[in-house]
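Chemist: Below you'll find final.pdb; it's PDB, C-alpha atoms.
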ATOM      1  CA  MET Q   1      52.388 -29.540  95.020
ATOM      2  CA  LYS Q   2      48.762 -29.337  96.178
ATOM      3  CA  LEU Q   3      47.581 -30.911  92.923
ATOM      4  CA  HIS Q   4      50.178 -33.679  93.256
ATOM      5  CA  LYS Q   5      49.054 -34.500  96.801
ATOM      6  CA  LYS Q   6      45.442 -34.652  95.640
ATOM      7  CA  LEU Q   7      46.286 -37.085  92.819
ATOM      8  CA  TRP Q   8      48.488 -39.130  95.168
ATOM      9  CA  GLU Q   9      45.684 -39.460  97.705
ATOM     10  CA  SER Q  10      43.110 -40.522  95.114
ATOM     11  CA  ALA Q  11      45.501 -43.006  93.487
ATOM     12  CA  PHE Q  12      47.097 -44.639  96.543
ATOM     13  CA  HIS Q  13      44.756 -43.927  99.500
ATOM     14  CA  ASP Q  14      47.616 -43.338 101.932
ATOM     15  CA  THR Q  15      46.964 -41.825 105.345
ATOM     16  CA  LYS Q  16      47.404 -38.113 105.922
ATOM     17  CA  LYS Q  17      50.242 -38.872 108.343
ATOM     18  CA  TYR Q  18      52.155 -40.839 105.740
ATOM     19  CA  MET Q  19      51.491 -38.307 102.963
ATOM     20  CA  ASP Q  20      52.714 -35.476 105.195
ATOM     21  CA  TYR Q  21      55.897 -37.459 105.804
ATOM     22  CA  TYR Q  22      56.391 -38.294 102.128
ATOM     23  CA  PHE Q  23      55.948 -34.782 100.786
ATOM     24  CA  GLN Q  24      58.104 -33.260 103.554
ATOM     25  CA  HIS Q  25      60.992 -35.727 103.334
ATOM     26  CA  LYS Q  26      60.940 -37.703 100.071
ATOM     27  CA  ALA Q  27      59.184 -35.562  97.464
ATOM     28  CA  VAL Q  28      61.396 -32.529  98.102
ATOM     29  CA  LYS Q  29      64.530 -34.401  97.009
ATOM     30  CA  SER Q  30      62.917 -36.174  94.064
ATOM     31  CA  GLY Q  31      62.707 -35.290  90.417
ATOM     32  CA  VAL Q  32      59.028 -34.671  89.663
ATOM     33  CA  TYR Q  33      57.669 -35.127  86.142
ATOM     34  CA  SER Q  34      54.175 -33.842  85.482
ATOM     35  CA  ASP Q  35      51.717 -33.658  82.604
ATOM     36  CA  TYR Q  36      48.999 -30.999  82.500
ATOM     37  CA  GLU Q  37      45.890 -30.244  80.464
ATOM     38  CA  ASP Q  38      45.444 -26.499  80.896
ATOM     39  CA  ASP Q  39      45.690 -26.136  84.710
ATOM     40  CA  GLU Q  40      44.687 -29.713  85.484
ATOM     41  CA  LEU Q  41      47.309 -32.247  86.568
ATOM     42  CA  CYS Q  42      46.815 -35.319  84.366
ATOM     43  CA  ALA Q  43      49.757 -37.532  85.316
ATOM     44  CA  MET Q  44      52.844 -37.555  87.527
ATOM     45  CA  ALA Q  45      55.908 -39.633  88.400
ATOM     46  CA  TYR Q  46      58.564 -39.116  91.071
ATOM     47  CA  PHE Q  47      62.210 -40.164  90.644
ATOM     48  CA  THR Q  48      63.697 -40.448  94.149
ATOM     49  CA  PRO Q  49      67.497 -40.823  94.463
ATOM     50  CA  TYR Q  50      69.093 -43.506  96.629
ATOM     51  CA  LYS Q  51      72.684 -44.493  97.259
ATOM     52  CA  ALA Q  52      73.309 -48.038  96.055
ATOM     53  CA  ARG Q  53      76.008 -50.605  95.411
ATOM     54  CA  TYR Q  54      75.906 -51.556  91.751
ATOM     55  CA  LYS Q  55      78.384 -54.220  90.635
ATOM     56  CA  GLY Q  56      80.580 -53.387  93.607
ATOM     57  CA  GLU Q  57      80.619 -49.611  93.090
ATOM     58  CA  SER Q  58      78.819 -46.941  95.076
ATOM     59  CA  CYS Q  59      76.468 -44.861  92.923
ATOM     60  CA  LYS Q  60      73.179 -42.998  92.811
ATOM     61  CA  VAL Q  61      70.106 -44.773  91.452
ATOM     62  CA  HIS Q  62      66.526 -43.558  91.169
ATOM     63  CA  TYR Q  63      63.354 -45.172  92.471
ATOM     64  CA  ILE Q  64      60.257 -44.370  90.411
ATOM     65  CA  VAL Q  65      57.243 -43.908  92.669
ATOM     66  CA  GLY Q  66      53.976 -41.998  92.734
ATOM     67  CA  VAL Q  67      53.214 -43.135  89.187
ATOM     68  CA  ALA Q  68      49.626 -42.000  88.696
ATOM     69  CA  THR Q  69      47.353 -40.816  85.897
ATOM     70  CA  GLU Q  70      43.852 -39.412  86.234
ATOM     71  CA  PRO Q  71      41.393 -42.014  84.845
ATOM     72  CA  GLU Q  72      40.135 -39.868  81.972
ATOM     73  CA  TYR Q  73      43.681 -39.324  80.689
ATOM     74  CA  ARG Q  74      44.887 -42.923  80.683
ATOM     75  CA  ARG Q  75      45.963 -44.837  77.559
ATOM     76  CA  GLN Q  76      47.161 -41.629  75.913
ATOM     77  CA  ARG Q  77      50.913 -42.314  76.369
ATOM     78  CA  ARG Q  78      51.165 -39.464  78.862
ATOM     79  CA  MET Q  79      52.865 -41.620  81.491
ATOM     80  CA  THR Q  80      55.184 -43.203  78.928
ATOM     81  CA  LYS Q  81      56.432 -39.748  77.954
ATOM     82  CA  LEU Q  82      57.011 -38.783  81.598
ATOM     83  CA  LEU Q  83      58.986 -41.959  82.321
ATOM     84  CA  GLU Q  84      61.074 -41.578  79.176
ATOM     85  CA  GLN Q  85      61.801 -37.971  80.144
ATOM     86  CA  GLY Q  86      62.872 -38.969  83.665
ATOM     87  CA  ILE Q  87      65.058 -41.832  82.447
ATOM     88  CA  ALA Q  88      66.789 -39.498  79.972
ATOM     89  CA  VAL Q  89      67.613 -37.065  82.802
ATOM     90  CA  CYS Q  90      69.009 -39.921  84.911
ATOM     91  CA  LEU Q  91      71.291 -40.879  82.015
ATOM     92  CA  GLN Q  92      72.549 -37.292  81.807
ATOM     93  CA  GLU Q  93      73.261 -37.376  85.558
ATOM     94  CA  ASP Q  94      75.294 -40.594  85.194
ATOM     95  CA  SER Q  95      72.771 -42.544  87.239
ATOM     96  CA  PRO Q  96      73.241 -46.118  85.938
ATOM     97  CA  LEU Q  97      69.715 -47.398  86.477
ATOM     98  CA  VAL Q  98      66.169 -46.718  87.592
ATOM     99  CA  PHE Q  99      63.878 -49.136  89.381
ATOM    100  CA  LEU Q 100      60.298 -49.434  90.593
ATOM    101  CA  SER Q 101      57.851 -51.729  92.359
ATOM    102  CA  PRO Q 102      55.176 -52.444  89.719
ATOM    103  CA  GLU Q 103      51.454 -52.729  90.218
ATOM    104  CA  ASN Q 104      51.210 -54.256  86.742
ATOM    105  CA  PRO Q 105      54.578 -55.472  85.375
ATOM    106  CA  ARG Q 106      53.297 -55.656  81.787
ATOM    107  CA  VAL Q 107      52.940 -51.881  81.714
ATOM    108  CA  TYR Q 108      56.732 -51.545  82.001
ATOM    109  CA  ASP Q 109      57.812 -54.388  79.717
ATOM    110  CA  SER Q 110      57.634 -52.201  76.613
ATOM    111  CA  LEU Q 111      59.907 -49.614  78.259
ATOM    112  CA  GLY Q 112      62.646 -52.182  78.743
ATOM    113  CA  PHE Q 113      62.165 -52.848  82.461
ATOM    114  CA  VAL Q 114      62.925 -56.376  83.665
ATOM    115  CA  GLY Q 115      61.859 -58.187  86.827
ATOM    116  CA  THR Q 116      64.791 -58.837  89.135
ATOM    117  CA  TYR Q 117      63.522 -59.515  92.660
ATOM    118  CA  TRP Q 118      60.589 -61.633  93.837
ATOM    119  CA  ARG Q 119      59.667 -61.650  97.517
ATOM    120  CA  GLU Q 120      58.553 -64.666  99.510
ATOM    121  CA  THR Q 121      56.165 -63.596 102.257
ATOM    122  CA  THR Q 122      55.873 -65.489 105.543
ATOM    123  CA  MET Q 123      52.869 -65.346 107.863
ATOM    124  CA  VAL Q 124      53.738 -66.448 111.392
ATOM    125  CA  GLN Q 125      51.254 -67.516 114.073
ATOM    126  CA  GLY Q 126      52.025 -68.388 117.663
ATOM    127  CA  GLU Q 127      53.247 -66.914 120.909
ATOM    128  CA  GLY Q 128      56.576 -65.155 120.963
ATOM    129  CA  LYS Q 129      59.547 -65.753 123.213
ATOM    130  CA  CYS Q 130      62.232 -63.289 124.233
ATOM    131  CA  TRP Q 131      65.627 -64.605 123.141
ATOM    132  CA  TYR Q 132      67.318 -61.253 122.531
ATOM    133  CA  ARG Q 133      67.328 -57.709 123.841
ATOM    134  CA  VAL Q 134      65.364 -55.313 121.610
ATOM    135  CA  SER Q 135      66.092 -51.582 121.207
ATOM    136  CA  PRO Q 136      64.245 -49.124 118.944
ATOM    137  CA  PHE Q 137      66.696 -47.605 116.468
ATOM    138  CA  GLY Q 138      65.462 -44.087 117.218
ATOM    139  CA  GLY Q 139      66.644 -44.375 120.819
ATOM    140  CA  LEU Q 140      70.167 -45.555 120.040
ATOM    141  CA  LYS Q 141      73.290 -43.472 120.464
ATOM    142  CA  GLU Q 142      75.084 -42.305 117.321
ATOM    143  CA  LYS Q 143      77.775 -44.982 117.643
ATOM    144  CA  GLU Q 144      75.109 -47.668 118.053
ATOM    145  CA  LYS Q 145      73.322 -46.428 114.936
ATOM    146  CA  GLU Q 146      76.585 -46.658 113.008
ATOM    147  CA  MET Q 147      77.073 -50.209 114.280
ATOM    148  CA  THR Q 148      73.530 -51.112 113.157
ATOM    149  CA  ALA Q 149      74.275 -49.871 109.645
ATOM    150  CA  GLN Q 150      77.612 -51.705 109.606
ATOM    151  CA  PHE Q 151      75.871 -54.938 110.640
ATOM    152  CA  ALA Q 152      73.331 -54.663 107.808
ATOM    153  CA  GLU Q 153      76.016 -53.786 105.248
ATOM    154  CA  LYS Q 154      78.144 -56.742 106.322
ATOM    155  CA  ILE Q 155      75.216 -59.139 105.828
ATOM    156  CA  LEU Q 156      74.347 -57.662 102.426
ATOM    157  CA  LYS Q 157      77.936 -57.641 101.145
ATOM    158  CA  ALA Q 158      78.378 -61.283 102.114
ATOM    159  CA  GLU Q 159      75.543 -62.214  99.729
ATOM    160  CA  LYS Q 160      77.471 -60.749  96.764
ATOM    161  CA  PHE Q 161      74.455 -58.965  95.324
ATOM    162  CA  GLU Q 162      75.088 -57.048  92.118
ATOM    163  CA  LEU Q 163      72.583 -54.409  93.201
ATOM    164  CA  TYR Q 164      71.357 -53.297  96.628
ATOM    165  CA  LEU Q 165      70.689 -50.062  98.488
ATOM    166  CA  GLU Q 166      73.411 -48.895 100.857
ATOM    167  CA  HIS Q 167      72.188 -49.358 104.413
ATOM    168  CA  SER Q 168      74.034 -46.426 105.970
ATOM    169  CA  LYS Q 169      73.197 -44.681 109.241
ATOM    170  CA  GLU Q 170      71.502 -41.944 107.235
ATOM    171  CA  TYR Q 171      69.478 -44.558 105.344
ATOM    172  CA  TYR Q 172      68.200 -46.051 108.592
ATOM    173  CA  GLU Q 173      67.426 -42.631 110.043
ATOM    174  CA  GLU Q 174      65.180 -41.994 107.041
ATOM    175  CA  VAL Q 175      63.620 -45.446 107.320
ATOM    176  CA  GLU Q 176      62.922 -44.770 111.013
ATOM    177  CA  ARG Q 177      61.026 -41.582 110.104
ATOM    178  CA  GLU Q 178      59.095 -43.523 107.485
ATOM    179  CA  MET Q 179      58.214 -46.350 109.881
ATOM    180  CA  LYS Q 180      56.970 -43.787 112.413
ATOM    181  CA  ALA Q 181      54.704 -42.346 109.726
ATOM    182  CA  LEU Q 182      53.298 -45.867 109.320
ATOM    183  CA  GLU Q 183      52.766 -46.310 113.094
ATOM    184  CA  GLY Q 184      55.835 -48.525 113.430
ATOM    185  CA  GLU Q 185      59.581 -48.376 114.101
ATOM    186  CA  VAL Q 186      62.950 -49.931 113.321
ATOM    187  CA  LEU Q 187      63.983 -52.563 115.876
ATOM    188  CA  VAL Q 188      67.561 -53.656 116.611
ATOM    189  CA  LEU Q 189      68.052 -57.040 118.294
ATOM    190  CA  TYR Q 190      71.083 -57.769 120.470
ATOM    191  CA  GLU Q 191      72.662 -60.915 121.881
ATOM    192  CA  LYS Q 192      74.536 -59.336 124.793
ATOM    193  CA  THR Q 193      76.398 -56.554 122.935
ATOM    194  CA  ASP Q 194      76.321 -58.111 119.454
ATOM    195  CA  ILE Q 195      73.662 -57.143 116.921
ATOM    196  CA  VAL Q 196      71.851 -60.160 115.474
ATOM    197  CA  ALA Q 197      69.006 -58.517 113.506
ATOM    198  CA  VAL Q 198      67.447 -55.297 112.234
ATOM    199  CA  ALA Q 199      63.702 -55.252 111.545
ATOM    200  CA  ASN Q 200      61.597 -52.524 109.939
ATOM    201  CA  CYS Q 201      58.066 -52.783 111.349
ATOM    202  CA  ILE Q 202      54.774 -51.077 110.535
ATOM    203  CA  TYR Q 203      51.301 -51.329 112.083
ATOM    204  CA  GLU Q 204      48.549 -51.344 109.491
ATOM    205  CA  ASN Q 205      44.929 -52.524 109.604
ATOM    206  CA  ALA Q 206      45.421 -53.585 113.241
ATOM    207  CA  GLU Q 207      48.218 -56.003 112.237
ATOM    208  CA  TRP Q 208      51.990 -55.898 112.634
ATOM    209  CA  GLU Q 209      54.076 -56.294 109.502
ATOM    210  CA  VAL Q 210      57.860 -56.573 109.092
ATOM    211  CA  THR Q 211      58.717 -54.864 105.831
ATOM    212  CA  GLU Q 212      62.406 -55.782 105.979
ATOM    213  CA  LEU Q 213      64.297 -58.207 108.205
ATOM    214  CA  ILE Q 214      68.077 -58.548 107.993
ATOM    215  CA  CYS Q 215      69.602 -61.113 110.333
ATOM    216  CA  ASP Q 216      71.932 -64.059 110.725
ATOM    217  CA  ARG Q 217      70.072 -66.943 109.101
ATOM    218  CA  ASP Q 218      70.937 -69.425 111.829
ATOM    219  CA  LYS Q 219      69.183 -67.179 114.345
ATOM    220  CA  GLY Q 220      66.017 -66.694 112.269
ATOM    221  CA  LYS Q 221      63.653 -68.686 114.486
ATOM    222  CA  GLU Q 222      64.757 -66.918 117.670
ATOM    223  CA  VAL Q 223      64.709 -63.513 115.951
ATOM    224  CA  VAL Q 224      61.114 -63.944 114.761
ATOM    225  CA  GLU Q 225      59.964 -65.210 118.179
ATOM    226  CA  THR Q 226      61.641 -62.236 119.860
ATOM    227  CA  ILE Q 227      59.931 -59.770 117.507
ATOM    228  CA  CYS Q 228      56.534 -61.384 118.201
ATOM    229  CA  ASP Q 229      57.207 -61.163 121.932
ATOM    230  CA  TYR Q 230      58.324 -57.523 121.756
ATOM    231  CA  LEU Q 231      55.347 -56.460 119.633
ATOM    232  CA  LYS Q 232      52.976 -58.557 121.772
ATOM    233  CA  THR Q 233      51.423 -60.196 118.745
ATOM    234  CA  GLU Q 234      50.604 -63.787 117.799
ATOM    235  CA  HIS Q 235      50.149 -62.855 114.132
ATOM    236  CA  LEU Q 236      53.076 -61.423 112.202
ATOM    237  CA  THR Q 237      53.566 -60.921 108.476
ATOM    238  CA  ILE Q 238      57.150 -60.826 107.229
ATOM    239  CA  ASP Q 239      57.044 -59.328 103.749
ATOM    240  CA  ASP Q 240      60.297 -60.953 102.660
ATOM    241  CA  SER Q 241      61.846 -64.154 104.012
ATOM    242  CA  TYR Q 242      65.259 -63.959 102.343
ATOM    243  CA  PHE Q 243      67.307 -63.791 105.545
ATOM    244  CA  ILE Q 244      65.312 -66.094 107.809
ATOM    245  CA  ALA Q 245      65.334 -69.852 108.198
ATOM    246  CA  GLY Q 246      64.514 -72.413 110.862
ATOM    247  CA  LEU Q 247      60.820 -71.590 111.235
ATOM    248  CA  GLU Q 248      59.651 -75.157 110.673
ATOM    249  CA  GLU Q 249      58.387 -75.481 114.234
ATOM    250  CA  LYS Q 250      56.174 -72.419 113.907
ATOM    251  CA  LYS Q 251      52.733 -72.293 112.386
ATOM    252  CA  ILE Q 252      53.685 -70.567 109.163
ATOM    253  CA  PHE Q 253      52.425 -69.993 105.671
ATOM    254  CA  ARG Q 254      54.866 -69.029 102.942
ATOM    255  CA  LYS Q 255      53.888 -67.515  99.634
ATOM    256  CA  LYS Q 256      56.129 -66.576  96.733
ATOM    257  CA  GLN Q 257      54.884 -63.473  94.960
ATOM    258  CA  GLU Q 258      53.772 -64.082  91.392
ATOM    259  CA  LYS Q 259      54.872 -60.662  90.170
ATOM    260  CA  PRO Q 260      58.313 -59.130  90.727
ATOM    261  CA  TYR Q 261      58.620 -56.784  93.666
ATOM    262  CA  ILE Q 262      61.353 -54.903  91.809
ATOM    263  CA  MET Q 263      61.774 -54.144  88.107
ATOM    264  CA  TYR Q 264      64.658 -52.057  86.797
ATOM    265  CA  LYS Q 265      66.115 -50.573  83.652
ATOM    266  CA  VAL Q 266      69.734 -49.737  82.953
ATOM    267  CA  THR Q 267      69.781 -46.211  81.552
ATOM    268  CA  SER Q 268      72.882 -46.443  79.362
ATOM    269  CA  ILE Q 269      71.989 -49.414  77.137
ATOM    270  CA  GLU Q 270      68.893 -50.611  75.337
ATOM    271  CA  ASP Q 271      68.503 -53.959  77.128
ATOM    272  CA  SER Q 272      68.858 -54.503  80.870
ATOM    273  CA  PRO Q 273      70.842 -57.588  81.912
ATOM    274  CA  LEU Q 274      69.411 -59.742  84.698
ATOM    275  CA  LEU Q 275      71.100 -58.823  87.982
ATOM    276  CA  ARG Q 276      71.304 -60.585  91.324
ATOM    277  CA  CYS Q 277      69.432 -57.976  93.310
ATOM    278  CA  TYR Q 278      68.161 -57.288  96.814
ATOM    279  CA  ILE Q 279      65.958 -54.229  97.158
ATOM    280  CA  ASN Q 280      63.341 -54.464  99.864
ATOM    281  CA  ASP Q 281      61.151 -52.211 101.967
ATOM    282  CA  ILE Q 282      61.038 -49.389  99.438
ATOM    283  CA  THR Q 283      58.277 -46.763  99.291
TER
END
Let me see the file written as structure tokens.
Modeler:
Amino acid sequence: MKLHKKLWESAFHDTKKYMDYYFQHKAVKSGVYSDYEDDELCAMAYFTPYKARYKGESCKVHYIVGVATEPEYRRQRRMTKLLEQGIAVCLQEDSPLVFLSPENPRVYDSLGFVGTYWRETTMVQGEGKCWYRVSPFGGLKEKEKEMTAQFAEKILKAEKFELYLEHSKEYYEEVEREMKALEGEVLVLYEKTDIVAVANCIYENAEWEVTELICDRDKGKEVVETICDYLKTEHLTIDDSYFIAGLEEKKIFRKKQEKPYIMYKVTSIEDSPLLRCYINDIT
């Protein structure tokens, strides 16, 4: 594992705090595929399992992350062999698909991966205003955490996605740990006793960033203003704008990503059909 952490650090430049979190909580439950030259680690890829809804059914899918090859061993098909090995194991385990967030989508085209989700990022400027009560997820009671998960699932199911990750209480508990490792937290917004939004927030390079925001669309403007007020920031980046609307009065800049945020491959057939997918805030 020491060699894997060293390659991870050199490839992705994550903080020690985040790497400690990842290798304590995510790596230990992942399938790890490695390529060596004598005792030297040349390449690695992690296949991390998630619970998902795929065409209406609950199942296990795998997120491919930590894909890294030492520079001197690139373009030798080492990574291709590792990915093919991992995909074959997923097929044996009846996992219907694998997915990843590509740095270079063309690398995965030849392996049969297809782009399925493009994010539109919104940069918001301006003073916030408190419309709703905000509670950190980590401080909620167990029943309140369950209600938060039920709110998110209700929103996602209503969109009739063919593929999305199940937003259970356990899912959000893991996300909360991950946000803490990135100097942030999960925020739950309430209108009286009703939940109106869930926001995953990180603090990076002295800027606040919302990595996932699930809310009622007709409350989008008030939700964003409340988050800005709570975080005491006049500059907020929302990585994905799918569930927000009504920001026309704000000083905003929207940008559709040129490359897909998510690519996936169905393990059981040669070609992957295009799915209506929502997978966000995945690391």
Chemist: For atom CA of Q:Tyr50 and atom CA of Q:Glu70, quote the distance in Å rounded to one decimal.
Modeler: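 Taking atom CA of Q:Tyr50 as the start and atom CA of Q:Glu70 as the end point, the length is 27.6 Å.
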Chemist: If you apply the PyMOL selection byres ((chain Q and resi 224-235) around 6) to this file, what residues do you get, as a ChimeraX atom specification?
Modeler: /Q:124-131,221-223,236
Chemist: Applying the PyMOL selection byres ((chain Q and resi 4) around 9) to the file I just gave you, which residues come out? Please list them as a count of residues only.
Modeler: 12
Chemist: Tell me which of Q:Pro49, Q:Ile269, Q:Lys169, Q:Glu103 sits closest to Q:Ala88, counting all atoms listed in the file.
Modeler: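 Closest to Q:Ala88, using all atoms listed in the file: Q:Ile269.
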Chemist: Using the chain letters and numbers from this file, what does the PyMOL selection byres ((chain Q and resi 252-256) around 6) select? Give the answer as a ChimeraX atom specification.
Modeler: /Q:120-124,250-251,257
Chemist: Would you save the residues of that selection, restricted to C-alpha atoms, as a PDB file, in the coordinates of the input?
Modeler:
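Written out: result_4.pdb:
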ATOM      1  CA  GLU Q 120      58.553 -64.666  99.510  1.00  0.00           C
ATOM      2  CA  THR Q 121      56.165 -63.596 102.257  1.00  0.00           C
ATOM      3  CA  THR Q 122      55.873 -65.489 105.543  1.00  0.00           C
ATOM      4  CA  MET Q 123      52.869 -65.346 107.863  1.00  0.00           C
ATOM      5  CA  VAL Q 124      53.738 -66.448 111.392  1.00  0.00           C
ATOM      6  CA  LYS Q 250      56.174 -72.419 113.907  1.00  0.00           C
ATOM      7  CA  LYS Q 251      52.733 -72.293 112.386  1.00  0.00           C
ATOM      8  CA  GLN Q 257      54.884 -63.473  94.960  1.00  0.00           C
TER       9      GLN Q 257
END
Chemist: Taking every listed atom of stretch 77-87 of chain Q and adding 8 Å to each side, what centre and edge lengths in Å (one decimal) does the axis-aligned box have, as JSON?
Modeler:
{"center_x": 58.0, "center_y": -40.6, "center_z": 80.0, "size_x": 30.1, "size_y": 21.2, "size_z": 23.3}
Chemist: Sort by chain and increasing residue number a table of all residues of stretch 206-243 of chain Q within 8 Å of stretch 185-198 of chain Q, each with its closest pair of atoms and their distance in Å to one decimal, counting all atoms listed in the file, and write it as a tab-separated table.
Modeler:
residue	atom	partner	partner_atom	distance
Q:Leu213	CA	Q:Val198	CA	5.9
Q:Ile214	CA	Q:Val198	CA	5.4
Q:Cys215	CA	Q:Ala197	CA	4.1
Q:Asp216	CA	Q:Val196	CA	6.1
Q:Lys219	CA	Q:Val196	CA	7.6
Q:Val223	CA	Q:Ala197	CA	7.0
Chemist: Rank nothing, just name the residue among Q:Lys154, Q:Val114, Q:Arg74, Q:Glu183 nearest to Q:Tyr203, using all atoms listed in the file.
Modeler: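 Going through Q:Lys154, Q:Val114, Q:Arg74, Q:Glu183 one by one, the smallest distance to Q:Tyr203 is for Q:Glu183.
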Chemist: Mind pulling up the distance from atom CA of Q:Tyr278 to atom CA of Q:Leu165?
Modeler: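 So the two atoms, atom CA of Q:Leu165 and atom CA of Q:Tyr278, lie 7.8 Å apart.
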Chemist: With distances taken over all atoms listed in the file, which residue among Q:Val67, Q:Ala149, Q:Cys59, Q:Ala27 lies nearest Q:Asp94?
Modeler: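 Nearest candidate to Q:Asp94 out of Q:Val67, Q:Ala149, Q:Cys59, Q:Ala27: Q:Cys59.
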Chemist: Which value, in Å to one decimal, gives the distance between atom CA of Q:Thr148 and atom CA of Q:Pro136?
Modeler: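 It comes out at 11.1 Å.
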Chemist: For Q:Lys180, find every residue with an atom within 10 Å (counting all atoms listed in the file), except residues of its own chain fewer than 5 positions away, and show them as a ChimeraX atom specification.
Modeler: /Q:17-18,21,138,174-175,185-186,201-203
Chemist: What residues have an atom no more than 8 Å from (66.5, -51.0, 86.9) in the file's own frame, counting only C-alpha atoms, and can you write them as a list in words?
Modeler: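 Nearby residues: Leu97, Val98, Phe99, Leu100, Phe113, Val114, Met263, Tyr264, Lys265, Val266, Thr267 and Ser272 of chain Q.
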Chemist: Please list, as a CSV table (one decimal) with C-alpha atoms, keeping the file's coordinate frame, the residues that have an atom at most 9 Å away from (77.8, -44.6, 107.8) in the coordinates of this file, counting all atoms listed in the file.
Modeler:
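Result went into selection_18.csv, see below:
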chain,number,residue,atom,x,y,z
Q,145,LYS,CA,73.3,-46.4,114.9
Q,146,GLU,CA,76.6,-46.7,113.0
Q,147,MET,CA,77.1,-50.2,114.3
Q,149,ALA,CA,74.3,-49.9,109.6
Q,150,GLN,CA,77.6,-51.7,109.6
Q,167,HIS,CA,72.2,-49.4,104.4
Q,168,SER,CA,74.0,-46.4,106.0
Q,169,LYS,CA,73.2,-44.7,109.2
Q,170,GLU,CA,71.5,-41.9,107.2
Q,171,TYR,CA,69.5,-44.6,105.3
Chemist: Pick from Q:Asn280, Q:Ser10, Q:Ser268, Q:Thr69: nearest to Q:Leu91, with all atoms listed in the file counted?
Modeler: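 Closest candidate: Q:Ser268.
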Chemist: Which one is closest to Q:Ile262: Q:Gly115, Q:Pro71, Q:Gly31, Q:Pro96? Count only C-alpha atoms.
Modeler: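 So, comparing all the options, the nearest one is Q:Gly115.
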Chemist: As a ChimeraX atom specification, please: the residues near Q:Lys55 (cut-off 10 Å, only C-alpha atoms, same-chain neighbours under 2 positions excluded).
Modeler: /Q:52-53,57-59,160-164,275-276
